[in-house]
file protein.txt (compact mmCIF, C-alpha atoms and all ligand atoms)
# COMPACT_ATOMS: atom_id res chain seq x y z
CA MET J 200 -5.67 56.07 14.28
CA GLU J 201 -7.46 53.00 15.59
CA ASN J 202 -10.07 53.40 12.83
CA ASN J 203 -7.43 53.67 10.14
CA LYS J 204 -5.78 50.55 11.41
CA ASN J 205 -9.05 48.63 11.22
CA LYS J 206 -9.65 49.96 7.71
CA ASN J 207 -6.24 48.71 6.66
CA ILE J 208 -7.01 45.29 8.00
CA VAL J 209 -10.28 45.20 6.08
CA ILE J 210 -8.58 46.29 2.86
CA ARG J 211 -5.87 43.73 3.39
CA ARG J 212 -8.46 41.00 3.94
CA ASP J 213 -10.16 41.82 0.64
CA PHE J 214 -6.81 41.76 -1.08
CA LEU J 215 -6.06 38.43 0.51
CA LYS J 216 -9.43 37.08 -0.49
CA SER J 217 -8.86 37.88 -4.15
CA SER J 218 -5.27 36.70 -4.40
CA ILE J 219 -5.09 34.10 -1.67
CA MET J 220 -5.70 31.04 -3.79
CA THR J 221 -2.89 31.87 -6.22
CA SER J 222 -0.36 33.04 -3.63
CA ILE J 223 -0.94 30.26 -1.11
CA GLY J 224 -1.02 27.82 -4.00
CA LEU J 225 2.45 29.04 -5.04
CA LEU J 226 3.68 28.86 -1.45
CA ILE J 227 2.71 25.24 -0.95
CA GLY J 228 3.61 24.33 -4.49
CA THR J 229 0.28 22.96 -5.61
CA ASN J 230 -3.14 24.04 -6.79
CA ILE J 231 -6.04 24.38 -4.39
CA VAL J 232 -8.87 22.09 -5.35
CA PHE J 233 -12.42 23.31 -4.52
CA ALA J 234 -10.99 26.83 -3.96
CA SER J 235 -14.27 28.33 -5.16
CA ASN J 236 -15.98 26.69 -2.18
CA PHE J 237 -13.88 28.57 0.40
CA PRO J 238 -16.17 30.27 2.92
CA LYS J 239 -15.53 34.01 3.14
CA GLY J 240 -12.73 34.84 5.58
CA LEU J 241 -11.36 31.31 5.65
CA LEU J 242 -7.68 30.94 4.87
CA PRO J 243 -6.02 27.63 3.98
CA ILE J 244 -4.15 26.15 6.92
CA GLY J 245 -1.40 24.41 4.96
CA VAL J 246 1.12 27.13 5.74
CA LEU J 247 0.66 27.28 9.51
CA ASP J 248 2.90 25.49 12.00
CA GLY J 249 5.19 26.38 14.92
CA THR J 250 5.96 24.19 17.88
CA LEU J 251 8.35 25.53 20.49
CA PRO J 252 10.91 23.62 22.55
CA SER J 253 9.99 22.89 26.14
CA GLY J 254 11.42 22.54 29.63
CA LEU J 255 8.34 21.37 31.52
CA ILE J 256 8.92 18.89 34.38
CA GLY J 257 7.54 15.47 33.48
CA LYS J 258 6.19 16.74 30.17
CA SER J 259 7.12 15.98 26.59
CA ASP J 260 9.07 18.62 24.66
CA LYS J 261 6.49 18.11 21.91
CA LEU J 262 3.94 20.22 23.81
CA THR J 263 3.42 23.77 22.54
CA ILE J 264 4.26 26.27 25.28
CA LEU J 265 1.98 29.30 25.47
CA ASN J 266 3.30 30.75 28.70
CA ASP J 267 5.85 29.77 31.33
CA ARG J 268 4.63 31.86 34.30
CA PRO J 269 2.11 30.44 34.98
CA VAL J 270 2.83 27.33 32.92
CA ASN J 271 0.42 26.82 30.04
CA ALA J 272 1.11 24.23 27.36
CA GLU J 273 -1.07 22.49 24.81
CA THR J 274 -0.90 19.24 22.85
CA PRO J 275 -0.57 19.32 19.03
CA ALA J 276 -3.60 17.63 17.42
CA HIS J 277 -1.63 14.75 15.91
CA LEU J 278 -0.40 13.76 19.40
CA LEU J 279 -3.96 13.31 20.68
CA ASN J 280 -4.62 10.18 18.65
CA ASP J 281 -4.58 7.82 21.66
CA ASP J 282 -7.80 6.83 23.42
CA LEU J 283 -5.96 7.76 26.63
CA THR J 284 -3.65 10.77 26.33
CA PRO J 285 -0.27 9.83 27.88
CA ASN J 286 0.55 11.76 31.07
CA ASN J 287 3.58 13.47 29.52
CA LEU J 288 1.46 14.76 26.62
CA PHE J 289 -1.54 15.95 28.67
CA PHE J 290 -2.00 19.73 28.46
CA VAL J 291 -1.24 22.01 31.40
CA ARG J 292 -3.26 25.05 32.39
CA ASN J 293 -2.01 26.74 35.55
CA ASN J 294 -3.41 29.96 36.97
CA GLY J 295 -0.75 30.25 39.69
CA LEU J 296 2.35 28.43 40.87
CA PRO J 297 2.16 24.71 41.77
CA PRO J 298 3.08 23.80 45.37
CA ASN J 299 6.87 23.54 45.88
CA LYS J 300 7.00 20.35 47.90
CA VAL J 301 4.29 17.75 48.31
CA ASP J 302 4.29 15.16 51.11
CA VAL J 303 1.58 12.66 50.14
CA ASN J 304 1.48 11.20 53.65
CA LYS J 305 0.71 14.59 55.18
CA TRP J 306 -1.74 15.72 52.47
CA SER J 307 -5.27 16.35 53.70
CA LEU J 308 -8.64 17.20 52.22
CA THR J 309 -11.04 19.18 54.39
CA PHE J 310 -14.79 19.54 53.81
CA GLU J 311 -16.29 22.71 55.24
CA GLY J 312 -18.62 25.60 54.34
CA GLU J 313 -22.04 26.76 55.48
CA SER J 314 -23.84 23.66 54.12
CA VAL J 315 -21.79 20.85 55.67
CA LYS J 316 -23.24 19.32 58.83
CA ASN J 317 -19.77 18.95 60.42
CA LYS J 318 -16.37 19.97 59.15
CA LYS J 319 -14.37 16.83 58.32
CA THR J 320 -10.79 16.13 57.20
CA PHE J 321 -9.45 13.09 55.32
CA SER J 322 -5.93 11.96 54.58
CA ILE J 323 -5.35 10.38 51.17
CA GLU J 324 -5.09 7.04 53.00
CA ASP J 325 -8.54 7.69 54.58
CA LEU J 326 -10.04 8.31 51.14
CA LYS J 327 -8.41 5.16 49.75
CA SER J 328 -9.48 2.92 52.62
CA LYS J 329 -12.99 4.24 53.42
CA PHE J 330 -14.52 4.55 49.97
CA LYS J 331 -14.98 2.37 46.91
CA HIS J 332 -12.53 3.06 44.07
CA TYR J 333 -13.68 3.91 40.55
CA THR J 334 -11.84 4.40 37.27
CA TYR J 335 -13.40 6.34 34.39
CA ASN J 336 -11.99 7.62 31.10
CA ILE J 337 -12.85 11.32 31.12
CA VAL J 338 -12.05 14.22 28.80
CA LEU J 339 -10.79 17.47 30.31
CA GLU J 340 -11.08 20.49 28.05
CA CYS J 341 -10.26 24.07 29.01
CA GLY J 342 -13.20 26.43 28.46
CA GLY J 343 -10.81 28.64 26.45
CA ASN J 344 -9.65 25.90 24.06
CA GLY J 345 -9.79 27.35 20.52
CA ARG J 346 -9.58 30.96 21.76
CA SER J 347 -6.93 31.87 19.16
CA GLU J 348 -9.59 31.94 16.44
CA PHE J 349 -11.67 34.72 18.01
CA ASN J 350 -12.01 37.94 16.05
CA PRO J 351 -11.89 40.54 17.53
CA PRO J 352 -9.31 38.60 19.58
CA ALA J 353 -9.99 37.67 23.18
CA LYS J 354 -7.31 38.20 25.84
CA GLY J 355 -5.87 35.16 27.59
CA ASN J 356 -3.94 32.09 26.53
CA GLN J 357 -4.19 31.79 22.76
CA TRP J 358 -5.05 28.08 22.77
CA SER J 359 -5.38 26.55 19.33
CA THR J 360 -6.95 23.07 19.53
CA GLY J 361 -4.87 21.31 22.18
CA ALA J 362 -6.17 22.37 25.62
CA VAL J 363 -7.88 18.98 25.78
CA GLY J 364 -7.04 15.38 26.62
CA CYS J 365 -8.69 12.16 27.77
CA ALA J 366 -7.21 10.14 30.65
CA SER J 367 -8.31 7.27 32.83
CA TRP J 368 -8.81 8.73 36.31
CA THR J 369 -8.81 6.62 39.48
CA GLY J 370 -10.22 7.74 42.81
CA VAL J 371 -13.43 7.90 44.80
CA ARG J 372 -16.82 9.37 44.00
CA LEU J 373 -17.25 12.90 45.32
CA ALA J 374 -20.87 11.94 46.15
CA ASP J 375 -19.76 9.09 48.44
CA VAL J 376 -17.49 11.44 50.38
CA LEU J 377 -20.09 14.24 50.53
CA ASN J 378 -22.65 11.74 51.87
CA ASP J 379 -20.16 10.57 54.49
CA VAL J 380 -19.47 14.18 55.54
CA GLY J 381 -23.18 15.01 55.62
CA ILE J 382 -24.56 17.98 53.73
CA LYS J 383 -27.49 20.20 54.66
CA SER J 384 -30.63 20.39 52.53
CA ASP J 385 -29.83 23.99 51.53
CA ALA J 386 -26.60 22.98 49.72
CA VAL J 387 -26.54 24.28 46.13
CA TYR J 388 -22.88 24.40 45.08
CA ILE J 389 -19.44 23.06 45.95
CA GLY J 390 -16.21 25.05 45.58
CA TYR J 391 -12.60 23.90 45.67
CA TYR J 392 -9.34 25.29 47.02
CA GLY J 393 -5.92 23.98 45.98
CA GLU J 394 -2.40 24.29 47.35
CA ASP J 395 -1.06 26.31 44.42
CA THR J 396 -0.10 29.92 45.13
CA HIS J 397 -1.00 33.23 43.53
CA LEU J 398 1.51 34.62 41.01
CA SER J 399 2.00 37.66 43.25
CA GLY J 400 3.31 35.37 46.02
CA ASP J 401 0.60 36.74 48.36
CA PRO J 402 -0.52 33.71 50.47
CA LYS J 403 -3.90 35.35 51.13
CA LYS J 404 -4.77 35.42 47.42
CA GLU J 405 -6.15 32.36 45.61
CA PRO J 406 -5.06 31.74 42.00
CA ILE J 407 -8.40 30.06 41.30
CA SER J 408 -11.30 28.61 43.34
CA ARG J 409 -14.15 27.37 41.20
CA GLY J 410 -16.85 24.72 41.59
CA VAL J 411 -20.00 23.06 40.29
CA PRO J 412 -23.70 22.85 41.22
CA ILE J 413 -24.44 20.18 43.83
CA SER J 414 -26.36 18.10 41.24
CA LYS J 415 -23.17 17.87 39.14
CA ALA J 416 -21.07 17.08 42.23
CA MET J 417 -23.38 14.13 42.94
CA GLU J 418 -23.05 12.51 39.47
CA GLU J 419 -21.43 9.08 39.38
CA GLU J 420 -18.54 10.23 37.15
CA SER J 421 -17.66 13.17 39.45
CA LEU J 422 -14.48 12.10 41.21
CA ILE J 423 -11.72 12.95 43.66
CA VAL J 424 -8.71 11.25 42.05
CA TRP J 425 -5.10 10.33 42.83
CA GLY J 426 -4.44 8.20 39.72
CA MET J 427 -4.05 9.17 36.08
CA ASN J 428 -3.60 6.43 33.46
CA GLY J 429 -2.54 4.01 36.21
CA GLU J 430 0.18 6.31 37.58
CA ASP J 431 0.38 9.15 40.07
CA ILE J 432 -1.01 12.38 38.64
CA PRO J 433 1.91 14.43 37.22
CA MET J 434 2.91 17.37 39.42
CA LEU J 435 1.72 19.93 36.86
CA ASN J 436 -1.69 18.22 36.58
CA GLY J 437 -2.46 18.41 40.30
CA TYR J 438 -0.43 15.80 42.24
CA PRO J 439 -1.35 14.27 44.62
CA LEU J 440 -5.14 14.90 44.52
CA ARG J 441 -7.58 16.62 42.18
CA LEU J 442 -11.24 16.85 41.20
CA ILE J 443 -12.57 15.53 37.88
CA PHE J 444 -15.88 16.68 36.37
CA GLY J 445 -16.68 15.30 32.91
CA GLY J 446 -18.37 17.58 30.39
CA TYR J 447 -17.78 20.81 32.34
CA PRO J 448 -14.99 23.32 31.66
CA ALA J 449 -11.77 21.80 33.06
CA SER J 450 -11.41 24.87 35.28
CA CYS J 451 -13.97 23.18 37.59
CA SER J 452 -11.62 20.23 38.10
CA GLY J 453 -9.49 21.64 40.93
CA LYS J 454 -5.84 20.53 41.13
CA TRP J 455 -3.66 20.11 44.27
CA LEU J 456 -7.00 19.73 46.06
CA SER J 457 -6.96 20.59 49.79
CA ASN J 458 -10.41 21.98 50.62
CA ILE J 459 -13.96 21.58 49.42
CA VAL J 460 -16.58 24.05 50.58
CA VAL J 461 -20.25 23.13 50.43
CA ARG J 462 -22.15 26.33 49.77
CA ASN J 463 -25.75 27.46 50.24
CA LYS J 464 -25.31 29.83 47.27
CA VAL J 465 -23.34 29.78 44.01
CA HIS J 466 -19.66 29.57 44.99
CA ASP J 467 -18.04 33.00 44.76
CA GLY J 468 -14.35 32.03 44.76
CA GLN J 469 -11.62 33.41 42.50
CA LYS J 470 -12.63 33.19 38.80
CA MET J 471 -16.26 32.30 39.58
CA ILE J 472 -17.33 35.94 39.47
CA GLY J 473 -16.96 38.89 37.06
CA GLN J 474 -16.32 37.74 33.49
CA ALA J 475 -14.11 34.69 34.14
CA TYR J 476 -15.41 31.40 32.72
CA ARG J 477 -18.65 33.15 31.78
CA ILE J 478 -20.31 33.96 28.47
CA PRO J 479 -23.03 36.51 27.69
CA CYS J 480 -26.40 35.12 28.86
CA LYS J 481 -27.81 36.35 25.53
CA SER J 482 -25.67 36.32 22.38
CA VAL J 483 -23.87 39.56 21.48
CA ALA J 484 -22.25 41.09 18.39
CA PRO J 485 -18.51 40.46 17.96
CA GLY J 486 -16.52 43.03 19.96
CA ALA J 487 -19.42 43.98 22.25
CA LYS J 488 -18.75 45.02 25.84
CA VAL J 489 -20.94 43.04 28.24
CA LYS J 490 -21.76 44.01 31.84
CA ASP J 491 -20.78 41.50 34.54
CA GLU J 492 -24.42 40.97 35.51
CA ASP J 493 -25.22 39.93 31.92
CA MET J 494 -22.59 37.18 31.95
CA CYS J 495 -23.61 33.60 32.86
CA ILE J 496 -21.46 30.77 34.24
CA ILE J 497 -20.41 28.17 31.66
CA GLU J 498 -21.70 24.76 32.66
CA ARG J 499 -21.85 22.08 29.96
CA MET J 500 -19.20 22.07 27.22
CA PRO J 501 -20.31 21.76 23.56
CA VAL J 502 -19.81 18.77 21.21
CA LYS J 503 -16.39 18.77 19.54
CA SER J 504 -13.90 16.66 17.56
CA LEU J 505 -10.28 16.64 16.42
CA ILE J 506 -8.60 14.96 13.45
CA THR J 507 -5.58 13.31 15.10
CA TYR J 508 -4.23 11.39 12.09
CA PRO J 509 -2.59 12.30 9.80
CA LYS J 510 -0.69 15.39 10.88
CA THR J 511 -1.74 18.52 9.01
CA GLY J 512 0.39 19.04 5.89
CA ALA J 513 0.64 15.35 5.02
CA THR J 514 1.26 14.37 1.40
CA ILE J 515 -0.41 11.42 -0.29
CA SER J 516 -0.35 9.88 -3.74
CA LEU J 517 -3.47 10.17 -5.91
CA ASN J 518 -3.45 6.36 -6.24
CA ASP J 519 -3.81 5.85 -2.48
CA LYS J 520 -6.72 6.26 -0.13
CA LEU J 521 -6.02 8.43 2.91
CA PRO J 522 -6.90 6.84 6.27
CA ILE J 523 -8.01 9.47 8.80
CA GLN J 524 -8.58 9.08 12.54
CA GLY J 525 -9.76 11.36 15.28
CA GLN J 526 -11.47 11.75 18.63
CA ALA J 527 -14.91 13.25 19.33
CA TRP J 528 -16.47 14.16 22.67
CA THR J 529 -19.60 15.69 24.20
CA SER J 530 -21.23 16.52 27.53
CA SER J 531 -24.35 14.67 26.38
CA ASP J 532 -24.60 10.89 26.64
CA HIS J 533 -22.45 9.99 23.62
CA ILE J 534 -21.32 10.91 20.10
CA GLU J 535 -23.94 9.83 17.60
CA SER J 536 -21.99 10.36 14.37
CA VAL J 537 -18.98 12.06 12.81
CA ASP J 538 -18.84 13.18 9.17
CA TYR J 539 -15.95 14.41 7.06
CA SER J 540 -15.75 16.79 4.10
CA ILE J 541 -12.97 17.35 1.56
CA ASP J 542 -14.73 20.16 -0.34
CA PHE J 543 -14.95 22.86 2.34
CA GLY J 544 -18.21 21.64 3.79
CA VAL J 545 -20.25 21.31 0.60
CA THR J 546 -20.64 17.54 0.87
CA TRP J 547 -20.23 15.30 3.92
CA TYR J 548 -19.57 11.58 4.29
CA PRO J 549 -19.93 9.42 7.40
CA CYS J 550 -16.98 8.18 9.49
CA LYS J 551 -16.95 5.01 11.53
CA VAL J 552 -17.41 5.87 15.25
CA GLU J 553 -16.30 3.59 18.11
CA LEU J 554 -18.24 3.22 21.34
CA SER J 555 -16.64 4.60 24.51
CA LYS J 556 -15.97 2.83 27.80
CA ASN J 557 -18.11 5.30 29.73
CA LYS J 558 -19.86 8.67 29.48
CA PHE J 559 -17.48 11.69 29.12
CA ALA J 560 -14.73 9.61 27.42
CA TRP J 561 -13.86 10.60 23.90
CA GLN J 562 -14.78 8.35 20.98
CA ARG J 563 -12.51 7.37 18.11
CA PHE J 564 -13.68 7.96 14.55
CA SER J 565 -12.06 6.88 11.29
CA ALA J 566 -12.57 6.95 7.53
CA SER J 567 -10.72 6.15 4.33
CA ILE J 568 -10.71 8.94 1.77
CA ALA J 569 -10.25 8.83 -2.00
CA PHE J 570 -9.38 12.15 -3.66
CA PRO J 571 -10.68 13.04 -7.15
CA GLU J 572 -7.56 14.81 -8.48
CA MET J 573 -4.13 16.15 -7.46
CA GLY J 574 -3.90 19.36 -5.44
CA TYR J 575 -4.38 20.99 -2.05
CA TYR J 576 -7.25 19.75 0.08
CA GLU J 577 -8.55 20.28 3.56
CA VAL J 578 -10.15 17.46 5.49
CA TRP J 579 -12.81 18.72 7.88
CA ALA J 580 -14.54 16.67 10.59
CA ARG J 581 -17.91 17.41 12.20
CA ALA J 582 -19.40 15.53 15.17
CA THR J 583 -23.06 15.19 16.17
CA ASP J 584 -23.96 14.15 19.72
CA SER J 585 -26.82 12.13 21.20
CA GLU J 586 -28.87 15.31 21.73
CA GLY J 587 -28.61 16.07 18.01
CA LYS J 588 -26.21 18.99 18.56
CA ILE J 589 -23.74 19.48 15.68
CA GLN J 590 -20.41 21.30 15.56
CA PRO J 591 -20.50 24.60 13.68
CA ILE J 592 -18.16 24.93 10.68
CA ILE J 593 -16.77 28.28 11.76
CA LEU J 594 -16.42 30.05 15.11
CA PRO J 595 -19.75 30.08 16.94
CA GLY J 596 -21.03 32.82 19.26
CA TRP J 597 -18.30 35.40 19.80
CA ASN J 598 -17.92 36.18 23.50
CA PRO J 599 -15.63 38.66 25.29
CA LYS J 600 -13.34 36.09 26.95
CA GLY J 601 -13.10 33.68 24.00
CA TYR J 602 -14.71 30.53 25.39
CA LEU J 603 -16.45 27.53 23.82
CA ASN J 604 -15.05 27.53 20.29
CA ASN J 605 -16.15 24.11 19.05
CA ALA J 606 -15.79 24.85 15.32
CA CYS J 607 -14.86 21.94 13.04
CA HIS J 608 -11.21 20.96 13.03
CA ARG J 609 -9.47 20.84 9.65
CA ILE J 610 -6.17 19.51 8.36
CA ALA J 611 -4.28 20.28 5.16
CA ILE J 612 -3.51 17.48 2.68
CA LYS J 613 -1.47 17.61 -0.50
CA VAL J 614 -2.39 15.00 -3.11
CA GLN J 615 0.25 14.41 -5.80
N1 LIG J 701 -5.73 24.46 41.89
C1 LIG J 701 -5.90 24.68 40.57
N2 LIG J 701 -6.79 23.94 39.89
C2 LIG J 701 -6.96 24.13 38.55
C3 LIG J 701 -6.26 25.17 37.88
C4 LIG J 701 -5.32 25.93 38.62
O1 LIG J 701 -4.64 26.83 38.09
N3 LIG J 701 -5.17 25.66 39.96
N4 LIG J 701 -6.52 25.39 36.53
C5 LIG J 701 -7.84 24.97 36.07
C6 LIG J 701 -8.02 25.10 34.63
S1 LIG J 701 -8.43 26.64 34.06
C7 LIG J 701 -7.96 24.02 33.80
S2 LIG J 701 -8.30 24.17 32.13
C8 LIG J 701 -7.59 22.69 34.32
C9 LIG J 701 -6.38 22.19 33.56
O2 LIG J 701 -6.03 20.91 34.00
P1 LIG J 701 -4.62 20.29 33.56
O3 LIG J 701 -3.57 21.34 33.82
O4 LIG J 701 -4.44 19.06 34.36
O5 LIG J 701 -4.71 19.98 32.10
O6 LIG J 701 -7.30 22.69 35.69
C10 LIG J 701 -8.12 23.54 36.48
N5 LIG J 701 -7.84 23.34 37.89
MO MO J 702 -9.13 26.42 31.81
call {"tool": "encode", "arguments": {"input": "protein.txt", "output": "structure tokens"}}
result
Amino acid sequence: MENNKNKNIVIRRDFLKSSIMTSIGLLIGTNIVFASNFPKGLLPIGVLDGTLPSGLIGKSDKLTILNDRPVNAETPAHLLNDDLTPNNLFFVRNNGLPPNKVDVNKWSLTFEGESVKNKKTFSIEDLKSKFKHYTYNIVLECGGNGRSEFNPPAKGNQWSTGAVGCASWTGVRLADVLNDVGIKSDAVYIGYYGEDTHLSGDPKKEPISRGVPISKAMEEESLIVWGMNGEDIPMLNGYPLRLIFGGYPASCSGKWLSNIVVRNKVHDGQKMIGQAYRIPCKSVAPGAKVKDEDMCIIERMPVKSLITYPKTGATISLNDKLPIQGQAWTSSDHIESVDYSIDFGVTWYPCKVELSKNKFAWQRFSASIAFPEMGYYEVWARATDSEGKIQPIILPGWNPKGYLNNACHRIAIKVQ
């Protein structure tokens, strides 16, 4: 049965491949320029859309809701055009249920674990008064962003491109606080605990408790923050206190932060072990089953970009040039260049790329595009970072849980 089903899908794909250009062309009412350049298995995106209404506290109804228990909502690409993503548009990825009531004055953060010299607790006021404040613009991107493109599909939230945002975060350096607490020389990892509760309602179960290597914790951009874009952090994004680690999967950036453990081994909290937030240590064939011991923790996130203007599906006159804008980001020092293509990746032209305020912020790119004739086009963008790493055009390394899809973003344009 299963086999037959797969066979049908294959047959259907071939059928689609042969007739797709005509039928999609009819559907969008135009011809598809450069159709002969379509990579195998790539379908035009001009016919896809679907944003749902929303009821998220403090969040815009323009977010796309993937799940409401726990809450998971992403930002459509054209709403990520700002250098700083507004708080009400910033994506939400919850693994459990946010705390019911938060009293900022009673909130505390405790440092403990086998590699602290002495257990120590701070109020938010202590953190604010004892340590120097820093503000950095930092991108948070869920490790599963782009999962919806995996084939065979990966279970979990079917994020398209919007489990990402860049905000200005204000707080103190984690390193300053760790140095004040005093850590032993055998410390290798930190782990976080938050005040959210497990979906089951069982208070003994953690929804998530992840962390980072001590070297990452000690970086200057690694923060404990209370401010987001000059305001309190929204409830759904971790009010009143959270961690921020630039360039790592956002799952490391613990929300509703109440405890930090300093570990003498890799932290083994909820979703650090098994297959969660891990990829095969060595690449595998699509659909492969991988043993837990052959899965490695995701650390640095790959280079990526999004076209944030115009919105996919835009129409333009052949006499006009199309201005495009977008954001690109990396876990290396900075974005070196961004190129665009309007012929399905055959030829590429450079975009203008702005400098960022600090490492781990995203960088704006722009270009002005002239089209050769009327018809359906796709604009693709491809970023290269300061380590020379380039985005792949299609889904890179399939992995069982659907992480790290940094394939080029593309938008549909109709020229008439
Ligand atoms: N306490 C706690 N921290 C958490 C989570 C969570 O469910 N609980 N989700 C993590 C994951 S998987 C991601 S992608 C980011 C999402 O941050 P955001 O909701 O502010 O966008 O928070 C991380 N920190
Ligand atoms: Mo995530």
call {"tool": "residues_near_ligand", "arguments": {"input": "protein.txt", "ligand": "ligand MO 702 (chain J)", "cutoff": "8 Å", "atoms": "all atoms listed in the file", "output": "PyMOL selection string"}}
result
chain J and resi 292+340-344+362+448-450
call {"tool": "closest_residue", "arguments": {"input": "protein.txt", "among": "J:Val301, J:Leu440, J:Ala353, J:Leu278", "to": "ligand LIG 701 (chain J)", "atoms": "only C-alpha atoms and all ligand atoms"}}
result
J:Leu440
call {"tool": "closest_atom_pairs", "arguments": {"input": "protein.txt", "of": "chain J", "to": "ligand LIG 701 (chain J)", "cutoff": "7 Å", "atoms": "all atoms listed in the file", "output": "CSV"}}
result
residue,atom,partner,partner_atom,distance
J:Phe289,CA,J:LIG701,O5,6.2
J:Phe290,CA,J:LIG701,O5,4.5
J:Val291,CA,J:LIG701,O3,3.4
J:Arg292,CA,J:LIG701,O3,4.0
J:Asn293,CA,J:LIG701,O1,3.7
J:Asn294,CA,J:LIG701,O1,3.5
J:Gly295,CA,J:LIG701,O1,5.4
J:Leu339,CA,J:LIG701,O5,6.8
J:Glu340,CA,J:LIG701,S2,6.2
J:Cys341,CA,J:LIG701,S2,3.7
J:Gly342,CA,J:LIG701,S2,6.5
J:Tyr392,CA,J:LIG701,N1,6.3
J:Gly393,CA,J:LIG701,N1,4.1
J:Glu394,CA,J:LIG701,N1,6.4
J:Asp395,CA,J:LIG701,N1,5.6
J:Pro406,CA,J:LIG701,O1,6.3
J:Ile407,CA,J:LIG701,N3,5.6
J:Leu435,CA,J:LIG701,O3,6.3
J:Asn436,CA,J:LIG701,O4,3.6
J:Gly437,CA,J:LIG701,O4,6.3
J:Pro448,CA,J:LIG701,S2,6.8
J:Ala449,CA,J:LIG701,S2,4.3
J:Ser450,CA,J:LIG701,C6,3.5
J:Cys451,CA,J:LIG701,C10,6.0
J:Ser452,CA,J:LIG701,N5,4.9
J:Gly453,CA,J:LIG701,N2,3.7
J:Lys454,CA,J:LIG701,N2,3.8
J:Trp455,CA,J:LIG701,N1,5.4
J:Leu456,CA,J:LIG701,N1,6.4
call {"tool": "atom_distance", "arguments": {"input": "protein.txt", "atom1": "CA of Lys331 (chain J)", "atom2": "CA of Leu308 (chain J)"}}
result
17.0 Å
call {"tool": "atom_distance", "arguments": {"input": "protein.txt", "atom1": "CA of Ser414 (chain J)", "atom2": "CA of Gln562 (chain J)"}}
result
25.3 Å
call {"tool": "closest_residue", "arguments": {"input": "protein.txt", "among": "J:Asn598, J:Gln474, J:Thr507, J:Ser314", "to": "Val387 (chain J)", "atoms": "only C-alpha atoms"}}
result
J:Ser314
call {"tool": "closest_residue", "arguments": {"input": "protein.txt", "among": "J:Leu288, J:Leu554, J:Leu296, J:Ile523", "to": "His397 (chain J)", "atoms": "all atoms listed in the file"}}
result
J:Leu296
call {"tool": "atom_distance", "arguments": {"input": "protein.txt", "atom1": "CA of Tyr602 (chain J)", "atom2": "CA of Arg499 (chain J)"}}
result
12.0 Å
call {"tool": "closest_residue", "arguments": {"input": "protein.txt", "among": "J:Ile389, J:Met434, J:Val489, J:Ala582", "to": "Glu535 (chain J)", "atoms": "all atoms listed in the file"}}
result
J:Ala582
call {"tool": "build_atoms", "arguments": {"input": "protein.txt", "residues": "region 583-591 of chain J", "atoms": "N, CA, C and O atoms", "output": "PDB file, in the coordinates of the input"}}
result
ATOM      1  N   THR J 583     -21.675  14.973  15.713  1.00  0.00           N
ATOM      2  CA  THR J 583     -23.060  15.190  16.170  1.00  0.00           C
ATOM      3  C   THR J 583     -23.241  14.348  17.431  1.00  0.00           C
ATOM      4  O   THR J 583     -22.841  13.175  17.450  1.00  0.00           O
ATOM      5  N   ASP J 584     -23.824  14.928  18.484  1.00  0.00           N
ATOM      6  CA  ASP J 584     -23.960  14.150  19.720  1.00  0.00           C
ATOM      7  C   ASP J 584     -25.365  13.566  19.889  1.00  0.00           C
ATOM      8  O   ASP J 584     -26.231  13.727  19.021  1.00  0.00           O
ATOM      9  N   SER J 585     -25.568  12.864  21.003  1.00  0.00           N
ATOM     10  CA  SER J 585     -26.820  12.130  21.200  1.00  0.00           C
ATOM     11  C   SER J 585     -28.011  13.048  21.460  1.00  0.00           C
ATOM     12  O   SER J 585     -29.146  12.599  21.494  1.00  0.00           O
ATOM     13  N   GLU J 586     -27.755  14.349  21.631  1.00  0.00           N
ATOM     14  CA  GLU J 586     -28.870  15.310  21.730  1.00  0.00           C
ATOM     15  C   GLU J 586     -29.124  15.973  20.383  1.00  0.00           C
ATOM     16  O   GLU J 586     -29.904  16.922  20.287  1.00  0.00           O
ATOM     17  N   GLY J 587     -28.410  15.507  19.344  1.00  0.00           N
ATOM     18  CA  GLY J 587     -28.610  16.070  18.010  1.00  0.00           C
ATOM     19  C   GLY J 587     -27.843  17.369  17.785  1.00  0.00           C
ATOM     20  O   GLY J 587     -28.016  18.031  16.755  1.00  0.00           O
ATOM     21  N   LYS J 588     -26.989  17.739  18.731  1.00  0.00           N
ATOM     22  CA  LYS J 588     -26.210  18.990  18.560  1.00  0.00           C
ATOM     23  C   LYS J 588     -25.035  18.709  17.639  1.00  0.00           C
ATOM     24  O   LYS J 588     -24.351  17.691  17.752  1.00  0.00           O
ATOM     25  N   ILE J 589     -24.773  19.635  16.701  1.00  0.00           N
ATOM     26  CA  ILE J 589     -23.740  19.480  15.680  1.00  0.00           C
ATOM     27  C   ILE J 589     -22.708  20.594  15.819  1.00  0.00           C
ATOM     28  O   ILE J 589     -23.061  21.730  16.144  1.00  0.00           O
ATOM     29  N   GLN J 590     -21.447  20.266  15.542  1.00  0.00           N
ATOM     30  CA  GLN J 590     -20.410  21.300  15.560  1.00  0.00           C
ATOM     31  C   GLN J 590     -20.650  22.316  14.455  1.00  0.00           C
ATOM     32  O   GLN J 590     -20.961  21.930  13.322  1.00  0.00           O
ATOM     33  N   PRO J 591     -20.439  23.606  14.747  1.00  0.00           N
ATOM     34  CA  PRO J 591     -20.500  24.600  13.680  1.00  0.00           C
ATOM     35  C   PRO J 591     -19.236  24.521  12.815  1.00  0.00           C
ATOM     36  O   PRO J 591     -18.200  24.053  13.294  1.00  0.00           O
TER      37      PRO J 591
END
